[in-house]
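Worksheet: the structure to be examined is printed underneath.
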Amino acid sequence: MKKHTEKESFHKDLDLKTIEEILIGINSEDAKVHQAINEKTSDIKTLIDAILPKMQKGGRLFYIGAGTSGRLGIVDASECPPTFGVPHGLVVGLIAGGDQAIRKAVEFAEDSESQGWEDLQKHEIDELDSVIGIAASGTTPYVIGAISEAKKHGILTGAITCNEGSSLSLAADYPIEIITGPEYVTGSTRMKAGTAQKLVLNMISTCLMIKLGRVKGNRMVDMQLSNNKLVDRGTKMVMDALNIDYKKANELLLKTGSVRAAIEKK
């Protein structure tokens with residue numbers, strides 16, 4: 001297996017560079033991420049096509065990872081309820097070491113081959129659910145073990161990694177390999193690899209939510225009205241949809257509780 005994520009940086013003597021040189025160098029590497037993803041959009045589509053019918057029948061989507069990869073999964077999962085109005089628990093992010101690892105690294109948590117599957121079992125995962133393992137290296141035991149066991153139990157599995165032919169890719173039904181190359185700081189996969197993983201997660205969850213009917217036109221009609229900014233945004237959506245003034249739109253929105261309800265009630 002070629003471990004692109006561990007190759008030496010193309011940029012030398014970082015500690016001797018000016019701040020401007022460092023920023024330009026980081027940005028030049030980040031610019032490569034979009035092309036790397038463009039080359040794998042068909043693989044992303046294939047995974048979404050497999051997950052969607054399961055979710056349409058009530059299945060859940062799980063992300064599982066360690067370190068940065070685990071945190072990215074948790075971020076994406078946690079944003080689905082407020083953005084799309086879906087129940088908590090429809091999209092679930094799991095990280096090696098548990099919730100405490102979200103803020104602070106838990107030593108050796110990612111090295112257990114059995115813990116990932118044990119964590120999934122706590123959610124009573126079954127064949128209607130889907131699991132995506134996230135690991136830049138594709139070699140994280142916690143993630144590989146979880147994906148391998150899930151697959152054995154007839155659960156649909158996907159993977160997001162930044163190396164070719166990794167153990168994680170081989171374990172998953174639908175691997176996505178985004179080859180971003182060496183990091184600006186050698187081996188620091190929180191950089192390009194992390195950016196690539198975040199973008200792919202955005203694509204997967206957003207596409208699924210659109211196809212599950214959680215977007216109307218290009219509007220988040222089911223978003224939670226959890227702060228003044230979102231109430232204002234929702235009010236403007238109702239204004240545009242119903243061609244009424246701000247005051248009437250706001251009253252209707254607050255009365256019905258959601259943009260969708262306000263539009264459909266009218």
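Residue numbers start at 1 in each chain; chains themselves are named A, B, ... in the order of the structure tokens; ligands are numbered from 1 in the order shown.
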
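Residues lying within 12 Å of A:Gly165, counting only C-alpha atoms and ignoring same-chain neighbours fewer than 4 positions away, are Met1, Lys2, Lys3, His4, Ser137, Gly138, Thr139, Ala159, Ile160, Thr161, Ser169, Leu170, Ala171, Ala172, Pro175, Ile176, Glu177, Ile178 and Ile179 of chain A.
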
Practice item. Pick out each residue of stretch 37-102 of chain A that DSSP on the backbone tags as strand (DSSP E); I need them as number ranges by chain. Key: A: 61-65, 91-95

Store the residues picked out above in a file with N, CA and C atoms, as a compact mmCIF listing (two decimals), in the first residue's frame.
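Output file part.txt is given in full below:
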# COMPACT_ATOMS: atom_id res chain seq x y z
N LEU A 61 -27.50 6.31 9.51
CA LEU A 61 -26.15 6.41 8.97
C LEU A 61 -25.18 6.65 10.12
N PHE A 62 -24.15 5.81 10.21
CA PHE A 62 -23.13 5.95 11.23
C PHE A 62 -21.80 6.33 10.60
N TYR A 63 -21.12 7.28 11.23
CA TYR A 63 -19.73 7.58 10.90
C TYR A 63 -18.87 7.07 12.06
N ILE A 64 -17.74 6.46 11.75
CA ILE A 64 -16.87 6.01 12.82
C ILE A 64 -15.43 6.31 12.46
N GLY A 65 -14.70 6.90 13.40
CA GLY A 65 -13.31 7.28 13.14
C GLY A 65 -12.56 7.51 14.44
N VAL A 91 -28.36 10.34 11.97
CA VAL A 91 -26.95 10.32 11.57
C VAL A 91 -26.12 10.39 12.84
N VAL A 92 -25.26 9.42 13.06
CA VAL A 92 -24.54 9.27 14.32
C VAL A 92 -23.04 9.25 14.07
N GLY A 93 -22.31 10.05 14.83
CA GLY A 93 -20.85 10.04 14.74
C GLY A 93 -20.24 9.38 15.97
N LEU A 94 -19.34 8.44 15.76
CA LEU A 94 -18.65 7.75 16.85
C LEU A 94 -17.15 7.97 16.72
N ILE A 95 -16.48 8.15 17.86
CA ILE A 95 -15.05 8.40 17.87
C ILE A 95 -14.36 7.47 18.86

Review point. Tell me, which residues of stretch 35-109 of chain A carry DSSP helix (DSSP H, G or I), written as a PyMOL selection string?
Key: chain A and resi 35-38+41-56+67-84+99-102+109

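Here atom CA of A:Tyr174 and atom CA of A:Gly213 stand 24.1 Å from one another.
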
Exercise for review: Give me the residues within 12 Å of A:Gln35 as JSON, numbers by chain, counting only C-alpha atoms and dropping any in the same chain fewer than 5 places off.
Suggested key: {"A": [29, 30, 40, 41, 178, 179, 180, 181, 196, 199]}

May I have the selected residues written with C-alpha atoms, as an mmCIF file, in the first residue's frame?
data_model
loop_
_atom_site.group_PDB
_atom_site.id
_atom_site.type_symbol
_atom_site.label_atom_id
_atom_site.label_comp_id
_atom_site.auth_asym_id
_atom_site.auth_seq_id
_atom_site.Cartn_x
_atom_site.Cartn_y
_atom_site.Cartn_z
ATOM 1 C CA GLU A 29 -1.605 22.424 -1.137
ATOM 2 C CA ASP A 30 -5.245 22.936 -0.146
ATOM 3 C CA LYS A 40 -13.713 10.264 -7.203
ATOM 4 C CA THR A 41 -17.223 11.703 -7.510
ATOM 5 C CA ILE A 178 -9.240 10.711 -2.042
ATOM 6 C CA ILE A 179 -5.518 10.909 -2.822
ATOM 7 C CA THR A 180 -4.463 14.319 -1.547
ATOM 8 C CA GLY A 181 -0.725 13.580 -1.398
ATOM 9 C CA ALA A 196 -10.922 16.279 1.882
ATOM 10 C CA LEU A 199 -15.821 17.983 1.991
#

Point to revise | Atom pair atom CA of A:Lys57 / atom CA of A:Leu128: separation (Å) | key: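 Going from atom CA of A:Lys57 over to atom CA of A:Leu128 covers 7.7 Å.
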
Exercise for review: Could you check how far atom CA of A:Asn202 sits from atom CA of A:Asp126, in Å to one decimal?
Suggested key: 24.3 Å

**Study point:** Of the listed residues A:Glu39, A:Glu183, A:Glu79, A:Glu110, that which approaches A:Ile134 most closely, counting only C-alpha atoms
**Key:** A:Glu110

With a distance cut-off of 7 Å and only C-alpha atoms, select the neighbouring residues of A:Asp222, excluding the residue or stretch itself and same-chain residues fewer than 4 positions from it, and output the selection as a short mmCIF file (atom, residue, chain, number, x, y, z; two decimals) with N, CA and C atoms, in the first residue's frame.
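Once written, result24.cif looks like this:
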data_model
loop_
_atom_site.label_atom_id
_atom_site.label_comp_id
_atom_site.auth_asym_id
_atom_site.auth_seq_id
_atom_site.Cartn_x
_atom_site.Cartn_y
_atom_site.Cartn_z
N PHE A 84 -31.37 20.23 8.87
CA PHE A 84 -32.39 19.56 8.07
C PHE A 84 -33.61 19.10 8.86
N GLY A 85 -33.61 19.34 10.18
CA GLY A 85 -34.77 19.00 10.99
C GLY A 85 -34.99 17.51 11.19
N ARG A 214 -35.60 16.80 2.51
CA ARG A 214 -35.38 17.78 3.56
C ARG A 214 -34.98 19.17 3.04
N SER A 258 -42.16 26.07 11.64
CA SER A 258 -41.16 25.72 10.64
C SER A 258 -41.48 26.38 9.32
N VAL A 259 -40.45 26.53 8.49
CA VAL A 259 -40.66 27.11 7.17
C VAL A 259 -41.60 26.23 6.35
N ARG A 260 -41.37 24.94 6.38
CA ARG A 260 -42.21 24.03 5.60
C ARG A 260 -43.69 24.14 6.01
#

Practice item. Would you list the contacts of A:Met209 as JSON, numbers by chain, taking every protein, DNA or RNA residue within 12 Å and counting only C-alpha atoms, but skipping same-chain residues closer than 3 positions in sequence? Key: {"A": [48, 51, 52, 55, 56, 61, 77, 79, 80, 81, 83, 84, 85, 86, 90, 91, 202, 203, 204, 205, 206, 212, 213, 214, 215, 216, 218, 219, 220, 221, 222, 223]}

Practice item. Pick out the residues sitting within 12 Å of A:Gly234, and hand them over as a PyMOL selection string; count only C-alpha atoms, and ignore anything fewer than 4 positions along from it in its own chain. Key: chain A and resi 83+219-230+238-241+246+249-254+256-263

Review point. Excluding same-chain residues fewer than 5 positions from A:Ala50, what lies within 10 Å of it counting only C-alpha atoms, as a PyMOL selection string?
Key: chain A and resi 45+55+130+156-158+173-174
